[in-house]
>>> print(open('model-v4.cif').read())   # mmCIF, C-alpha atoms
data_target
loop_
_atom_site.label_atom_id
_atom_site.label_comp_id
_atom_site.auth_asym_id
_atom_site.auth_seq_id
_atom_site.Cartn_x
_atom_site.Cartn_y
_atom_site.Cartn_z
CA MET A 1 17.50 -20.65 -13.78
CA ALA A 2 16.55 -23.91 -15.47
CA LEU A 3 14.12 -26.39 -14.04
CA PRO A 4 15.50 -29.82 -13.04
CA LEU A 5 14.62 -32.60 -15.43
CA THR A 6 13.67 -34.91 -12.58
CA LYS A 7 11.17 -34.34 -9.82
CA ALA A 8 12.60 -32.07 -7.16
CA LYS A 9 11.98 -29.12 -4.88
CA THR A 10 13.33 -25.85 -6.23
CA THR A 11 13.52 -22.81 -3.99
CA LYS A 12 14.20 -19.20 -4.69
CA ASN A 13 14.18 -16.29 -2.28
CA PHE A 14 12.82 -12.99 -3.49
CA ALA A 15 12.98 -9.68 -1.66
CA SER A 16 9.33 -9.81 -0.64
CA PHE A 17 8.79 -13.53 -0.12
CA ASN A 18 10.25 -16.99 -0.64
CA ALA A 19 9.05 -19.44 -3.25
CA GLU A 20 9.28 -23.19 -3.57
CA LEU A 21 8.33 -25.24 -6.61
CA ASP A 22 7.68 -28.84 -5.61
CA THR A 23 7.44 -31.31 -8.47
CA THR A 24 7.85 -34.38 -6.26
CA VAL A 25 4.07 -34.45 -5.90
CA CYS A 26 3.50 -34.65 -9.66
CA ASP A 27 1.65 -37.67 -11.02
CA ARG A 28 -1.14 -38.29 -13.51
CA ASN A 29 -3.64 -36.36 -11.34
CA ASN A 30 -1.55 -33.91 -9.37
CA ASN A 31 0.19 -30.79 -10.57
CA ALA A 32 3.34 -29.21 -9.22
CA ASP A 33 2.93 -27.12 -6.08
CA LEU A 34 4.23 -23.58 -6.09
CA THR A 35 4.23 -22.17 -2.58
CA ILE A 36 4.82 -18.52 -1.84
CA THR A 37 5.89 -18.11 1.76
CA LEU A 38 5.56 -14.74 3.39
CA LYS A 39 7.13 -14.14 6.79
CA VAL A 40 5.49 -11.28 8.65
CA GLY A 41 6.80 -10.01 11.95
CA LEU A 42 4.20 -8.30 14.11
CA ARG A 43 4.88 -5.62 16.70
CA GLN A 44 2.51 -4.31 19.31
CA ILE A 45 1.87 -0.62 19.60
CA ASN A 46 0.81 0.16 23.15
CA PRO A 47 0.10 3.32 25.15
CA PRO A 48 3.33 4.78 26.56
CA ALA A 49 4.77 3.96 29.97
CA GLY A 50 2.73 0.82 30.43
CA ALA A 51 -0.55 2.74 30.65
CA ALA A 52 -3.78 0.85 30.01
CA THR A 53 -5.09 3.50 27.60
CA GLY A 54 -3.61 6.19 25.43
CA LYS A 55 -3.67 7.91 22.07
CA TYR A 56 -2.22 7.03 18.69
CA HIS A 57 -2.11 9.05 15.50
CA ASP A 58 -3.69 7.78 12.28
CA TYR A 59 -1.05 6.10 10.11
CA GLY A 60 1.48 6.66 12.93
CA ASP A 61 1.83 10.21 11.60
CA VAL A 62 1.94 12.91 14.26
CA THR A 63 0.31 15.39 11.87
CA GLU A 64 -2.86 13.28 11.71
CA PRO A 65 -5.71 12.95 14.24
CA GLN A 66 -5.32 10.81 17.33
CA ARG A 67 -7.44 7.81 18.24
CA ASP A 68 -7.99 6.23 21.63
CA ILE A 69 -6.05 2.99 21.98
CA ILE A 70 -5.77 0.35 24.66
CA LYS A 71 -2.93 -1.85 25.74
CA TRP A 72 -2.65 -5.30 24.21
CA SER A 73 -3.11 -8.13 26.68
CA THR A 74 -1.35 -11.42 26.06
CA GLY A 75 -4.64 -13.11 25.24
CA SER A 76 -5.94 -10.41 22.91
CA TRP A 77 -2.59 -10.27 21.08
CA ASN A 78 -2.40 -14.02 20.60
CA ARG A 79 -6.00 -14.19 19.40
CA TRP A 80 -5.42 -11.33 16.97
CA LYS A 81 -2.25 -12.89 15.56
CA SER A 82 -3.94 -16.25 15.16
CA THR A 83 -6.93 -14.76 13.34
CA PHE A 84 -4.68 -12.65 11.14
CA GLN A 85 -2.57 -15.65 10.12
CA ARG A 86 -5.42 -18.09 9.64
CA THR A 87 -7.75 -15.84 7.67
CA ALA A 88 -5.11 -14.27 5.44
CA GLN A 89 -3.51 -17.60 4.59
CA SER A 90 -6.82 -19.28 3.84
CA TYR A 91 -7.87 -16.34 1.68
CA TRP A 92 -4.83 -16.54 -0.62
CA ASN A 93 -3.98 -20.24 -0.45
CA ALA A 94 -5.03 -22.75 -3.11
CA LYS A 95 -7.07 -20.34 -5.23
CA PHE A 96 -5.20 -20.40 -8.54
CA TRP A 97 -3.87 -22.85 -11.09
CA LEU A 98 -1.40 -21.82 -13.80
CA VAL A 99 -1.75 -23.59 -17.11
CA ASN A 100 1.65 -24.75 -18.35
CA ASN A 101 2.08 -23.87 -22.01
CA HIS A 102 5.79 -24.62 -22.11
CA PRO A 103 7.66 -27.90 -22.66
CA VAL A 104 8.73 -28.12 -19.03
CA LEU A 105 7.52 -30.02 -15.97
CA GLU A 106 6.87 -33.09 -18.09
CA TYR A 107 7.12 -36.29 -16.05
CA ASP A 108 6.34 -39.92 -16.58
CA ASP A 109 3.61 -41.70 -14.66
CA GLY A 110 2.90 -45.33 -15.60
CA GLY A 111 4.62 -45.01 -18.95
CA THR A 112 2.81 -41.85 -20.02
CA ILE A 113 4.34 -38.41 -20.03
CA TYR A 114 2.20 -35.69 -18.49
CA ARG A 115 2.73 -31.96 -18.66
CA HIS A 116 2.03 -30.56 -15.23
CA ASN A 117 0.35 -27.31 -14.38
CA ILE A 118 0.98 -25.27 -11.28
CA PHE A 119 -1.11 -25.34 -8.13
CA CYS A 120 -0.62 -22.02 -6.32
CA ARG A 121 -0.22 -22.24 -2.59
CA PHE A 122 0.30 -19.53 -0.03
CA ARG A 123 1.85 -19.87 3.38
CA LEU A 124 1.86 -17.07 5.91
CA ILE A 125 4.29 -17.35 8.78
CA VAL A 126 3.55 -14.91 11.56
CA GLY A 127 5.76 -14.20 14.53
CA ASP A 128 6.62 -11.46 16.96
CA ALA A 129 9.17 -9.15 15.44
CA SER A 130 12.16 -8.78 17.69
CA PRO A 131 15.80 -7.82 17.21
CA GLY A 132 17.51 -10.56 15.28
CA SER A 133 14.31 -12.13 13.99
CA SER A 134 13.99 -12.56 10.25
CA HIS A 135 10.90 -11.46 8.36
CA HIS A 136 10.07 -10.22 4.91
CA HIS A 137 7.93 -7.47 6.37
CA ILE A 138 7.33 -5.92 9.78
CA VAL A 139 3.80 -4.81 10.60
CA ASP A 140 2.93 -2.67 13.62
CA VAL A 141 -0.51 -3.10 15.15
CA TYR A 142 -2.40 -0.79 17.51
CA ARG A 143 -5.52 -1.77 19.42
CA LEU A 144 -8.42 0.61 18.98
CA ALA A 145 -10.59 1.45 21.97
CA ALA A 146 -14.17 0.24 21.72
CA SER A 147 -15.36 3.84 21.40
CA GLU A 148 -13.35 4.43 18.24
CA PRO A 149 -15.19 3.77 14.97
CA TRP A 150 -12.06 3.91 12.81
CA GLY A 151 -8.27 4.34 12.81
CA GLY A 152 -5.85 5.13 10.00
CA SER A 153 -3.77 2.19 8.78
CA HIS A 154 -1.73 0.99 5.81
CA SER A 155 0.27 -1.98 4.57
CA THR A 156 2.75 -1.99 7.46
CA LEU A 157 0.60 -0.43 10.19
CA TYR A 158 -2.69 -2.04 11.11
CA ASN A 159 -5.31 -1.30 13.67
CA SER A 160 -6.87 -4.20 15.53
CA ARG A 161 -10.08 -4.01 13.46
CA ASP A 162 -8.31 -4.45 10.13
CA ILE A 163 -8.93 -8.19 10.29
CA ALA A 164 -12.72 -7.68 10.57
CA PRO A 165 -15.15 -6.89 7.72
CA TYR A 166 -15.58 -3.17 7.20
CA GLU A 167 -17.75 -1.22 4.77
CA ASN A 168 -15.48 0.79 2.49
CA ASP A 169 -18.15 1.96 0.07
CA LYS A 170 -21.43 1.07 -1.57
CA ASP A 171 -21.84 -0.25 -5.09
CA SER A 172 -24.04 1.39 -7.70
CA GLY A 173 -27.01 -0.59 -6.40
CA GLY A 174 -26.52 0.66 -2.87
CA SER A 175 -25.16 -2.61 -1.47
CA PRO A 176 -22.21 -2.33 0.90
CA ILE A 177 -18.75 -3.18 -0.36
CA MET A 178 -17.11 -4.95 2.55
CA GLN A 179 -13.47 -5.81 3.02
CA ARG A 180 -11.19 -7.34 5.60
CA ALA A 181 -8.30 -4.97 5.16
CA HIS A 182 -5.51 -7.40 6.00
CA VAL A 183 -6.17 -9.61 2.95
CA HIS A 184 -5.86 -6.51 0.74
CA GLU A 185 -2.60 -5.59 2.48
CA ILE A 186 -1.21 -9.09 2.06
CA GLY A 187 -1.95 -8.65 -1.65
CA HIS A 188 0.30 -5.59 -1.64
CA LEU A 189 3.03 -7.45 0.24
CA ILE A 190 3.21 -10.15 -2.45
CA GLY A 191 3.35 -7.58 -5.23
CA LEU A 192 -0.19 -6.67 -6.26
CA GLY A 193 -1.31 -3.13 -6.94
CA HIS A 194 -4.74 -1.56 -6.72
CA SER A 195 -7.59 -2.70 -8.93
CA HIS A 196 -7.58 0.31 -11.29
CA GLU A 197 -3.80 0.79 -11.20
CA GLY A 198 -2.57 1.41 -14.72
CA GLY A 199 -6.04 2.50 -15.77
CA VAL A 200 -6.97 5.85 -17.22
CA GLN A 201 -7.75 7.42 -13.85
CA CYS A 202 -4.83 5.81 -12.03
CA PRO A 203 -1.68 6.02 -14.13
CA THR A 204 1.28 4.14 -12.74
CA THR A 205 3.27 7.34 -13.03
CA GLY A 206 0.99 9.04 -10.50
CA ASP A 207 -0.07 8.32 -6.93
CA THR A 208 -1.42 4.79 -7.05
CA ASN A 209 -3.15 5.26 -3.70
CA ALA A 210 -5.51 7.89 -5.14
CA ALA A 211 -9.20 7.20 -4.60
CA ALA A 212 -9.79 6.22 -8.25
CA CYS A 213 -7.13 3.51 -8.00
CA TYR A 214 -9.45 1.50 -5.75
CA GLY A 215 -11.96 1.21 -8.56
CA THR A 216 -13.93 3.26 -11.02
CA ASN A 217 -16.76 0.76 -11.43
CA ASP A 218 -18.45 -1.89 -9.31
CA ALA A 219 -16.26 -4.74 -10.56
CA GLU A 220 -13.03 -2.95 -9.72
CA LYS A 221 -14.34 -1.72 -6.38
CA GLN A 222 -15.45 -5.21 -5.38
CA SER A 223 -12.01 -6.65 -6.16
CA VAL A 224 -9.86 -7.50 -3.15
CA MET A 225 -7.29 -5.06 -4.50
CA GLY A 226 -10.03 -2.44 -4.66
CA MET A 227 -12.39 -2.06 -1.73
CA GLY A 228 -14.00 -5.50 -1.61
CA MET A 229 -13.23 -9.17 -1.15
CA GLN A 230 -13.49 -10.65 -4.64
CA LEU A 231 -10.53 -12.55 -5.99
CA ARG A 232 -9.75 -12.39 -9.73
CA SER A 233 -7.54 -14.58 -11.87
CA HIS A 234 -5.12 -11.72 -12.51
CA HIS A 235 -4.36 -11.75 -8.78
CA ALA A 236 -2.26 -14.85 -9.55
CA TYR A 237 0.41 -12.48 -10.85
CA PRO A 238 2.93 -13.18 -8.03
CA TRP A 239 2.86 -16.93 -8.75
CA ARG A 240 3.07 -16.32 -12.50
CA MET A 241 6.02 -14.02 -11.99
CA VAL A 242 7.77 -16.69 -9.91
CA MET A 243 7.11 -19.38 -12.52
CA SER A 244 8.44 -17.18 -15.28
CA ASP A 245 11.52 -16.49 -13.19
CA ILE A 246 12.17 -20.04 -12.01
CA SER A 247 11.50 -21.69 -15.37
CA GLY A 248 12.98 -19.01 -17.57
CA LYS A 249 9.90 -19.50 -19.72
CA GLY A 250 7.18 -17.11 -20.62
CA THR A 251 6.44 -13.43 -20.30
CA VAL A 252 4.44 -12.20 -17.37
CA ARG A 253 3.62 -8.62 -16.58
CA LYS A 254 1.91 -6.96 -13.66
CA PRO A 255 -1.85 -6.50 -14.10
CA SER A 256 -1.30 -2.75 -14.18
CA ALA A 257 1.00 -3.15 -17.19
CA ASN A 258 -1.74 -5.04 -19.02
CA ARG A 259 -4.24 -2.34 -18.11
CA SER A 260 -2.15 0.68 -19.03
CA SER A 261 -1.81 1.63 -22.64
CA ALA A 262 1.31 3.63 -21.84
CA ALA A 263 2.91 0.75 -19.99
CA TRP A 264 1.87 -1.57 -22.80
CA SER A 265 3.46 0.67 -25.40
CA ASN A 266 6.67 0.70 -23.39
CA PHE A 267 6.57 -3.07 -23.11
CA VAL A 268 6.03 -3.54 -26.83
CA ALA A 269 8.88 -1.13 -27.54
CA GLN A 270 11.15 -3.15 -25.27
CA VAL A 271 10.17 -6.46 -26.82
CA THR A 272 10.32 -5.37 -30.43
CA GLY A 273 13.15 -2.88 -30.10
CA ASN A 274 10.79 -0.49 -31.90
CA ASN A 275 11.26 -2.62 -35.00
CA PRO A 276 7.99 -2.30 -36.96
CA ASN A 277 8.49 -5.79 -38.40
CA HIS A 278 8.14 -7.26 -34.94
CA THR A 279 4.70 -7.57 -33.46
CA VAL A 280 3.38 -8.66 -30.11
CA ALA A 281 0.31 -10.79 -30.54
CA SER A 282 -1.61 -10.28 -27.36
CA LYS A 283 -1.78 -7.53 -24.80
CA ALA A 284 -2.43 -9.96 -21.97
CA SER A 285 0.11 -12.77 -21.96
CA LYS A 286 -1.22 -16.33 -21.93
CA ASP A 287 2.01 -17.63 -20.45
CA TRP A 288 1.36 -19.46 -17.21
CA GLU A 289 -2.24 -18.49 -17.74
CA PRO A 290 -4.06 -18.17 -14.43
CA LYS A 291 -7.24 -20.09 -13.75
CA MET A 292 -9.46 -20.23 -10.72
CA LYS A 293 -10.46 -23.81 -11.34
CA ARG A 294 -8.34 -26.94 -11.10
CA HIS A 295 -6.70 -27.91 -14.38
CA TYR A 296 -5.33 -31.45 -14.35
CA PRO A 297 -2.00 -32.55 -15.89
CA ARG A 298 -2.21 -33.18 -19.62
CA THR A 299 -0.89 -35.83 -21.94
CA ALA A 300 0.98 -34.82 -25.09
CA ALA A 301 -2.17 -35.36 -27.13
CA GLU A 302 -4.20 -33.17 -24.80
CA VAL A 303 -1.57 -30.46 -24.96
CA LEU A 304 -1.57 -30.68 -28.76
CA ALA A 305 -5.35 -30.35 -28.77
CA ASN A 306 -5.06 -27.41 -26.40
CA ALA A 307 -7.49 -29.22 -24.12
CA ALA A 308 -8.37 -27.95 -20.69
CA ILE A 309 -8.82 -30.90 -18.33
CA THR A 310 -10.99 -29.50 -15.57
CA THR A 311 -12.66 -32.68 -14.38
CA ARG A 312 -10.73 -35.62 -13.03
CA PRO A 313 -9.89 -37.78 -16.06
CA GLN A 314 -10.10 -41.57 -16.06
CA ARG A 315 -6.45 -42.41 -16.66
CA THR A 316 -5.67 -46.03 -17.36
CA MET B 1 -19.18 24.99 -11.78
CA ALA B 2 -21.23 27.49 -9.85
CA TYR B 3 -22.50 27.01 -6.39
CA ILE B 4 -24.09 29.56 -4.12
CA ALA B 5 -23.45 28.92 -0.49
CA PHE B 6 -25.66 31.56 0.98
CA ALA B 7 -28.54 33.33 -0.59
CA LYS B 8 -28.75 36.86 0.73
CA GLN B 9 -31.88 36.93 2.82
CA PRO B 10 -33.35 39.61 5.05
CA GLY B 11 -33.44 39.15 8.77
CA ARG B 12 -32.37 36.10 10.72
CA VAL B 13 -31.84 32.93 8.76
CA THR B 14 -30.64 29.50 9.78
CA THR B 15 -27.95 27.76 7.84
CA GLN B 16 -30.49 25.29 6.54
CA ALA B 17 -33.15 27.80 5.62
CA ARG B 18 -32.63 27.37 1.92
CA TRP B 19 -33.86 23.79 2.01
CA ILE B 20 -36.88 23.89 4.28
CA THR B 21 -40.19 25.54 4.04
CA PRO B 22 -41.13 28.21 6.62
CA ALA B 23 -43.66 25.87 8.19
CA VAL B 24 -41.12 23.12 8.62
CA ALA B 25 -38.66 25.66 9.94
CA VAL B 26 -41.07 26.73 12.66
CA LEU B 27 -41.64 23.10 13.64
CA ALA B 28 -37.91 22.50 13.66
CA LEU B 29 -37.30 25.49 15.88
CA LEU B 30 -40.00 24.35 18.29
CA ALA B 31 -38.44 20.93 18.43
CA MET B 32 -34.89 22.10 18.94
CA PRO B 33 -34.93 22.23 22.75
CA LEU B 34 -35.65 18.50 22.64
CA SER B 35 -32.88 17.77 20.22
CA ALA B 36 -29.17 17.16 20.67
CA CYS B 37 -28.80 20.89 21.15
CA ALA B 38 -31.15 20.89 24.12
CA GLN B 39 -28.51 22.31 26.41
CA ASP B 40 -28.44 25.52 24.42
CA LYS B 41 -30.66 28.20 25.90
CA GLU B 42 -31.68 29.37 22.44
CA PRO B 43 -31.43 27.88 19.00
CA ILE B 44 -28.19 28.84 17.29
CA MET B 45 -28.96 31.40 14.64
CA ILE B 46 -26.81 33.37 12.32
CA ASN B 47 -27.45 36.75 10.86
CA LEU B 48 -25.73 37.27 7.58
CA ASP B 49 -26.51 39.93 5.06
CA SER B 50 -23.33 39.24 3.17
CA CYS B 51 -20.60 36.63 3.19
CA ASP B 52 -18.21 39.58 3.15
CA GLU B 53 -19.52 41.32 6.23
CA SER B 54 -16.67 39.96 8.37
CA PRO B 55 -13.72 37.57 8.13
CA LEU B 56 -15.68 35.02 10.15
CA ALA B 57 -18.69 35.35 7.84
CA ARG B 58 -16.43 34.76 4.84
CA SER B 59 -14.94 31.68 6.42
CA ARG B 60 -18.28 30.35 7.46
CA CYS B 61 -19.80 30.83 4.03
CA MET B 62 -16.92 29.00 2.38
CA ILE B 63 -16.87 26.17 4.89
CA GLU B 64 -20.63 25.71 4.72
CA ALA B 65 -20.41 25.67 0.96
CA LEU B 66 -17.67 23.05 0.85
CA LEU B 67 -19.41 20.90 3.44
CA ASP B 68 -22.56 20.97 1.39
CA ASP B 69 -20.64 20.10 -1.75
CA LEU B 70 -18.86 17.24 0.03
CA SER B 71 -22.15 15.86 1.31
CA ARG B 72 -23.41 15.68 -2.24
CA THR B 73 -20.29 14.51 -4.03
CA TYR B 74 -17.98 12.61 -1.64
CA LEU B 75 -19.84 9.33 -1.55
CA LEU B 76 -17.34 6.92 0.01
CA THR B 77 -18.94 5.45 3.10
CA GLY B 78 -15.74 4.25 4.80
CA GLY B 79 -12.88 6.06 6.45
CA GLY B 80 -12.43 8.43 9.33
CA GLY B 81 -14.28 11.47 8.01
CA ILE B 82 -12.91 14.99 7.80
CA SER B 83 -9.56 15.25 9.55
CA SER B 84 -8.96 18.92 8.78
CA ILE B 85 -10.25 21.97 6.98
CA ASP B 86 -7.41 24.41 6.36
CA GLN B 87 -7.42 27.86 4.90
CA LYS B 88 -4.64 27.96 2.32
CA ALA B 89 -5.34 31.43 0.97
CA THR B 90 -8.03 34.02 1.52
CA TRP B 91 -10.35 32.29 -0.92
CA VAL B 92 -8.92 28.77 -0.84
CA TYR B 93 -9.78 26.00 1.62
CA GLU B 94 -8.36 22.50 1.72
CA VAL B 95 -10.35 19.61 3.18
CA SER B 96 -8.70 16.35 4.22
CA LEU B 97 -10.64 13.11 4.58
CA SER B 98 -8.99 10.08 6.15
CA GLN B 99 -9.15 6.75 4.36
CA ARG B 100 -7.12 3.59 4.82
CA GLU B 101 -3.71 3.94 3.11
CA ARG B 102 -4.35 7.54 2.17
CA VAL B 103 -5.87 10.93 2.88
CA ASP B 104 -8.15 12.33 0.21
CA VAL B 105 -7.51 16.05 -0.19
CA ILE B 106 -9.97 18.36 -1.90
CA THR B 107 -8.99 21.97 -2.50
CA TYR B 108 -11.80 24.44 -3.04
CA SER B 109 -11.42 27.90 -4.53
CA PHE B 110 -14.09 30.54 -4.01
CA GLU B 111 -15.10 33.92 -5.24
CA LEU B 112 -17.31 36.56 -3.69
CA THR B 113 -20.06 37.68 -6.01
CA ASP B 114 -21.34 41.23 -6.33
CA GLU B 115 -24.37 40.14 -4.34
CA GLY B 116 -22.25 39.16 -1.37
CA LEU B 117 -22.55 35.47 -2.08
CA VAL B 118 -19.83 32.87 -2.07
CA GLU B 119 -19.34 30.76 -5.15
CA ILE B 120 -17.17 27.67 -5.62
CA VAL B 121 -15.06 28.38 -8.70
CA GLY B 122 -12.55 25.57 -8.45
CA LYS B 123 -12.24 22.11 -6.96
CA GLN B 124 -9.12 19.97 -7.16
CA LYS B 125 -8.66 16.46 -5.82
CA SER B 126 -5.36 15.05 -4.67
CA THR B 127 -4.04 12.35 -2.39
CA ARG B 128 -1.61 12.12 0.48
CA SER B 129 -0.41 8.53 0.45
CA LYS B 130 0.18 6.82 3.75
CA GLY B 131 2.51 3.93 4.17
#
>>> encode(input="model-v4.cif", output="structure tokens")
Amino acid sequence: MALPLTKAKTTKNFASFNAELDTTVCDRNNNADLTITLKVGLRQINPPAGAATGKYHDYGDVTEPQRDIIKWSTGSWNRWKSTFQRTAQSYWNAKFWLVNNHPVLEYDDGGTIYRHNIFCRFRLIVGDASPGSSHHHIVDVYRLAASEPWGGSHSTLYNSRDIAPYENDKDSGGSPIMQRAHVHEIGHLIGLGHSHEGGVQCPTTGDTNAAACYGTNDAEKQSVMGMGMQLRSHHAYPWRMVMSDISGKGTVRKPSANRSSAAWSNFVAQVTGNNPNHTVASKASKDWEPKMKRHYPRTAAEVLANAAITTRPQRT
Amino acid sequence: MAYIAFAKQPGRVTTQARWITPAVAVLALLAMPLSACAQDKEPIMINLDSCDESPLARSRCMIEALLDDLSRTYLLTGGGGISSIDQKATWVYEVSLSQRERVDVITYSFELTDEGLVEIVGKQKSTRSKG
């Protein structure tokens, strides 16, 4: 699809989330907003027959060990939902800017044309899943008893402690690597894979949940898509993918494709048609290049100079 | 890879005897009634001349060996611990360790040496994905 030539709001619904590009906010200092909206429906898992306590299998799999669970109360459920929504949204919202290297999103302000970058927003809408309700994903949640140190969970089945910091591992210096699991799981729901996915020890053709996929060194382990809480610029992939799709400009690949030599070879073969006269300049695309610092709109001269405007300019 | 689970030793030996000096062992035995095992009338001892002296001895040797190996090599601090240890063949045991989104599975293969010892001869890692 092509971008409108005038300021407007452009929406597109993907299978995993909705996206809205808002250029009505664009001026000499403000970029376009790209908001990914994820609707998650939550369902309580309670002990059977209205009992106050009960058992629940790890991962909801009857072949796995059972953990003691307790019934959700209205108050505990509402508090959990609120914390889940607030902390996950704040973690992913307003962390990335995409530098616009295409002749689009160019609008006049005071007689000067500015090329606008993309400010990446994230909105998490949480509700109770019920018949007829509409969500991108349904997540079941069980409430661990206080005596239970741990319970098995995954992207669509949480335990009540998955919103709290938990030590997954230690780094090479012996410091704990902590993570609030739900922010990692939200990363999966918007399309991100594990930190070493596509790497030598975690080929995309294998099981990408294998232990090595969560990181083979401290940096990968400390990534939010590993075992930690650190955000990296390549985690802007979902927004980059949306921009490439909405604008029809640029090539964006999943971080795992940039990491994997096999996936890279396949990509090059696709792009060049295996024609040796065609070359692909860079393994990691610079299209809609992600930054973790605000990049202000640029004038034509600044674009020509390939300038990065990271402090508020004095525009006359 | 070669790992000896049990050194053949005369008389009664504890499972930890390989790692502690006799003096420390005596102190440990004296202290045991005060420990978590205080309800036991006597310290739990095993008497093994060979890992092959009975099916239970074989199993115990292999399980002790894999537990020791796991303690040294499985360094992740999170997760739910060991969820199962299954015998898959006479000389093959499979250990499952619960982690979020997955179960880490380690399959150990053993051989019995001429001395009646158990040796780890193979170790394969795999994953059961969850969710």
>>> interface_residues(input="model-v4.cif", of="chain B", to="chain A", cutoff="6 Å", atoms="all atoms listed in the file", output="ChimeraX atom specification")
/B:76-78,80,100-101,127,129,131
>>> write_last_selection(input="model-v4.cif", atoms="C-alpha atoms", output="PDB file, in the coordinates of the input")
ATOM      1  CA  LEU B  76     -17.340   6.920   0.010  1.00  0.00           C
ATOM      2  CA  THR B  77     -18.940   5.450   3.100  1.00  0.00           C
ATOM      3  CA  GLY B  78     -15.740   4.250   4.800  1.00  0.00           C
ATOM      4  CA  GLY B  80     -12.430   8.430   9.330  1.00  0.00           C
ATOM      5  CA  ARG B 100      -7.120   3.590   4.820  1.00  0.00           C
ATOM      6  CA  GLU B 101      -3.710   3.940   3.110  1.00  0.00           C
ATOM      7  CA  THR B 127      -4.040  12.350  -2.390  1.00  0.00           C
ATOM      8  CA  SER B 129      -0.410   8.530   0.450  1.00  0.00           C
ATOM      9  CA  GLY B 131       2.510   3.930   4.170  1.00  0.00           C
TER      10      GLY B 131
END
>>> residues_around(input="model-v4.cif", residues="region 72-81 of chain A", least_positions_apart="5", cutoff="9 Å", atoms="only C-alpha atoms", output="count of residues only")
12
>>> closest_residue(input="model-v4.cif", among="B:Arg102, B:Asp68, B:Cys61, B:Ser54", to="Leu117 (chain B)", atoms="all atoms listed in the file")
B:Cys61
>>> resolve_selection(input="model-v4.cif", expression="the PyMOL selection byres ((chain A and resi 101-103) around 10)", output="number ranges by chain")
A: 98-100, 104-106, 115-117, 247, 249-250, 286-289, 300, 303, 306
>>> closest_residue(input="model-v4.cif", among="A:Cys120, A:Ala164, A:Cys213, A:Met229", to="His184 (chain A)", atoms="all atoms listed in the file")
A:Met229
>>> resolve_selection(input="model-v4.cif", expression="the PyMOL selection byres ((chain B and resi 124) around 9)", output="PyMOL selection string")
chain B and resi 105-109+122-123+125-126
>>> write_last_selection(input="model-v4.cif", atoms="C-alpha atoms", output="PDB file, in the coordinates of the input")
ATOM      1  CA  VAL B 105      -7.510  16.050  -0.190  1.00  0.00           C
ATOM      2  CA  ILE B 106      -9.970  18.360  -1.900  1.00  0.00           C
ATOM      3  CA  THR B 107      -8.990  21.970  -2.500  1.00  0.00           C
ATOM      4  CA  TYR B 108     -11.800  24.440  -3.040  1.00  0.00           C
ATOM      5  CA  SER B 109     -11.420  27.900  -4.530  1.00  0.00           C
ATOM      6  CA  GLY B 122     -12.550  25.570  -8.450  1.00  0.00           C
ATOM      7  CA  LYS B 123     -12.240  22.110  -6.960  1.00  0.00           C
ATOM      8  CA  LYS B 125      -8.660  16.460  -5.820  1.00  0.00           C
ATOM      9  CA  SER B 126      -5.360  15.050  -4.670  1.00  0.00           C
TER      10      SER B 126
END
>>> atom_distance(input="model-v4.cif", atom1="CA of Leu97 (chain B)", atom2="CA of Leu112 (chain B)")
25.7 Å
>>> atom_distance(input="model-v4.cif", atom1="CA of Leu5 (chain A)", atom2="CA of Thr251 (chain A)")
21.4 Å
>>> atom_distance(input="model-v4.cif", atom1="CA of Leu192 (chain A)", atom2="CA of Pro297 (chain A)")
27.7 Å
>>> residues_near_point(input="model-v4.cif", point="(-6.8, 33.7, 2.5)", cutoff="12 Å", atoms="all atoms listed in the file", output="ChimeraX atom specification")
/B:55-56,58-59,62,86-94,108-111
>>> closest_residue(input="model-v4.cif", among="A:Thr112, A:Ser195, A:Asn159, A:Ser130", to="Thr216 (chain A)", atoms="all atoms listed in the file")
A:Ser195
>>> resolve_selection(input="model-v4.cif", expression="the PyMOL selection byres ((chain A and resi 24) around 6)", output="VMD selection string")
chain A and resid 7 to 8 22 to 23 25 to 26
